[in-house]
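**Student:** Contents of my_file_16.cif (mmCIF, C-alpha atoms; chains and numbers go by the auth columns) are below:
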```
data_start
#
loop_
_atom_site.group_PDB
_atom_site.id
_atom_site.type_symbol
_atom_site.label_atom_id
_atom_site.label_comp_id
_atom_site.label_asym_id
_atom_site.label_seq_id
_atom_site.Cartn_x
_atom_site.Cartn_y
_atom_site.Cartn_z
_atom_site.B_iso_or_equiv
_atom_site.auth_seq_id
_atom_site.auth_asym_id
ATOM 1 C CA MET A 1 17.509 22.994 -7.968 0.00 1 A
ATOM 2 C CA LEU A 2 17.130 19.197 -8.052 0.00 2 A
ATOM 3 C CA ASN A 3 17.558 19.193 -11.821 0.00 3 A
ATOM 4 C CA ASN A 4 21.266 19.955 -11.400 0.00 4 A
ATOM 5 C CA ILE A 5 22.039 16.873 -9.278 0.00 5 A
ATOM 6 C CA GLY A 6 23.567 14.344 -11.622 0.00 6 A
ATOM 7 C CA LEU A 7 24.807 10.831 -11.117 0.00 7 A
ATOM 8 C CA PRO A 8 27.924 12.028 -9.265 0.00 8 A
ATOM 9 C CA GLY A 9 25.769 14.051 -6.880 0.00 9 A
ATOM 10 C CA LEU A 10 23.498 11.101 -6.153 0.00 10 A
ATOM 11 C CA LEU A 11 26.509 8.869 -5.520 0.00 11 A
ATOM 12 C CA LEU A 12 27.951 11.449 -3.130 0.00 12 A
ATOM 13 C CA ILE A 13 24.656 11.636 -1.231 0.00 13 A
ATOM 14 C CA ALA A 14 24.488 7.826 -1.040 0.00 14 A
ATOM 15 C CA VAL A 15 28.036 7.626 0.338 0.00 15 A
ATOM 16 C CA VAL A 16 27.342 10.308 2.947 0.00 16 A
ATOM 17 C CA VAL A 17 24.154 8.551 4.073 0.00 17 A
ATOM 18 C CA LEU A 18 25.987 5.230 4.249 0.00 18 A
ATOM 19 C CA VAL A 19 28.756 6.760 6.355 0.00 19 A
ATOM 20 C CA LEU A 20 26.339 8.522 8.703 0.00 20 A
ATOM 21 C CA PHE A 21 23.933 5.649 9.322 0.00 21 A
ATOM 22 C CA GLY A 22 25.941 2.539 8.549 0.00 22 A
ATOM 23 C CA ARG A 23 24.961 -0.477 6.514 0.00 23 A
ATOM 24 C CA GLY A 24 23.021 -2.241 9.294 0.00 24 A
ATOM 25 C CA LYS A 25 20.832 0.757 10.081 0.00 25 A
ATOM 26 C CA ILE A 26 19.989 1.339 6.427 0.00 26 A
ATOM 27 C CA SER A 27 19.138 -2.315 5.781 0.00 27 A
ATOM 28 C CA SER A 28 16.866 -2.440 8.827 0.00 28 A
ATOM 29 C CA LEU A 29 15.206 0.782 7.722 0.00 29 A
ATOM 30 C CA MET A 30 14.601 -0.619 4.234 0.00 30 A
ATOM 31 C CA GLY A 31 13.186 -3.792 5.805 0.00 31 A
ATOM 32 C CA GLU A 32 10.704 -1.688 7.766 0.00 32 A
ATOM 33 C CA VAL A 33 9.765 0.240 4.630 0.00 33 A
ATOM 34 C CA GLY A 34 9.158 -3.058 2.815 0.00 34 A
ATOM 35 C CA LYS A 35 6.959 -4.331 5.655 0.00 35 A
ATOM 36 C CA GLY A 36 4.985 -1.095 5.555 0.00 36 A
ATOM 37 C CA ILE A 37 4.424 -1.337 1.823 0.00 37 A
ATOM 38 C CA THR A 38 3.345 -4.983 2.140 0.00 38 A
ATOM 39 C CA SER A 39 0.943 -4.100 4.948 0.00 39 A
ATOM 40 C CA PHE A 40 -0.480 -1.212 2.925 0.00 40 A
ATOM 41 C CA LYS A 41 -1.088 -3.430 -0.111 0.00 41 A
ATOM 42 C CA LYS A 42 -2.721 -6.085 2.083 0.00 42 A
ATOM 43 C CA GLY A 43 -5.025 -3.480 3.599 0.00 43 A
ATOM 44 C CA ILE A 44 -5.994 -2.159 0.171 0.00 44 A
ATOM 45 C CA ASN A 45 -6.791 -5.687 -1.057 0.00 45 A
ATOM 46 C CA GLU A 46 -8.855 -6.507 2.045 0.00 46 A
ATOM 47 C CA GLY A 47 -10.755 -3.233 1.736 0.00 47 A
ATOM 48 C CA SER A 48 -11.586 -3.795 -1.911 0.00 48 A
ATOM 49 C CA LYS A 49 -12.684 -7.380 -1.192 0.00 49 A
ATOM 50 C CA GLU A 50 -14.938 -6.129 1.599 0.00 50 A
ATOM 51 C CA LEU A 51 -16.493 -3.528 -0.711 0.00 51 A
ATOM 52 C CA GLU A 52 -17.067 -6.160 -3.405 0.00 52 A
ATOM 53 C CA GLN A 53 -18.666 -8.490 -0.841 0.00 53 A
ATOM 54 C CA ASP A 54 -20.970 -5.713 0.381 0.00 54 A
ATOM 55 C CA ALA A 55 -21.957 -4.895 -3.189 0.00 55 A
ATOM 56 C CA ALA A 56 -22.615 -8.595 -3.882 0.00 56 A
ATOM 57 C CA ASP A 57 -24.797 -8.898 -0.759 0.00 57 A
ATOM 58 C CA VAL A 58 -26.865 -5.908 -1.827 0.00 58 A
ATOM 59 C CA ALA A 59 -27.172 -7.211 -5.393 0.00 59 A
ATOM 60 C CA LYS A 60 -28.337 -10.697 -4.368 0.00 60 A
ATOM 61 C CA ASP A 61 -31.855 -9.746 -3.327 0.00 61 A
ATOM 62 C CA VAL A 62 -33.596 -7.765 -6.048 0.00 62 A
ATOM 63 C CA THR A 63 -37.131 -8.941 -5.319 0.00 63 A
ATOM 64 C CA PRO A 64 -39.572 -6.080 -4.700 0.00 64 A
ATOM 65 C CA GLU A 65 -40.850 -5.771 -1.114 0.00 65 A
ATOM 66 C CA THR A 66 -44.441 -6.654 -2.096 0.00 66 A
ATOM 67 C CA GLU A 67 -43.380 -9.999 -3.598 0.00 67 A
ATOM 68 C CA LYS A 68 -41.204 -10.879 -0.609 0.00 68 A
ATOM 69 C CA ASP A 69 -44.262 -10.912 1.641 0.00 69 A
ATOM 70 C CA LYS A 70 -46.110 -13.358 -0.668 0.00 70 A
ATOM 71 C CA ALA A 71 -43.414 -16.031 -0.627 0.00 71 A
#
```
When written as structure tokens, how does the structure in this file appear?
**Tutor:**
Amino acid sequence: MLNNIGLPGLLLIAVVVLVLFGRGKISSLMGEVGKGITSFKKGINEGSKELEQDAADVAKDVTPETEKDKA
């Protein structure tokens, strides 16, 4: 069904959406979408940094338990 929508169909849909919602509403909606994407990327980066830090903390101390008591 969606394969039959060409460029004219997409333009018609865009015009109808623009008429229904107006330019201000669409631009504010796109701004919110952009903020959401930015927040999502920031969360992903912070999560991966936290996982790397946890892995680095675990990897720092590789001394066997018996040798830890001697030092």
**Student:** Measure the distance from atom CA of A:Ser39 to atom CA of A:Leu18 in Å and round it to one decimal.
**Tutor:**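 Taking atom CA of A:Ser39 and atom CA of A:Leu18, their separation equals 26.7 Å.
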**Student:** Distance atom CA of A:Val33-atom CA of A:Gly6, one decimal place?
**Tutor:**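 Between atom CA of A:Val33 and atom CA of A:Gly6 the gap works out to 25.6 Å.
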**Student:** May I ask for the distance between atom CA of A:Leu10 and atom CA of A:Leu29, given in Å to one decimal place?
**Tutor:** 19.2 Å
**Student:** Taking all atoms of stretch 18-21 of chain A that the file lists, what box with edges along x, y and z, padded by 6 Å per side, do you get, with centre and edge lengths in Å to one decimal, as lines of an AutoDock Vina configuration file?
**Tutor:**
```
center_x = 26.3
center_y = 6.9
center_z = 6.8
size_x = 16.8
size_y = 15.3
size_z = 17.1
```
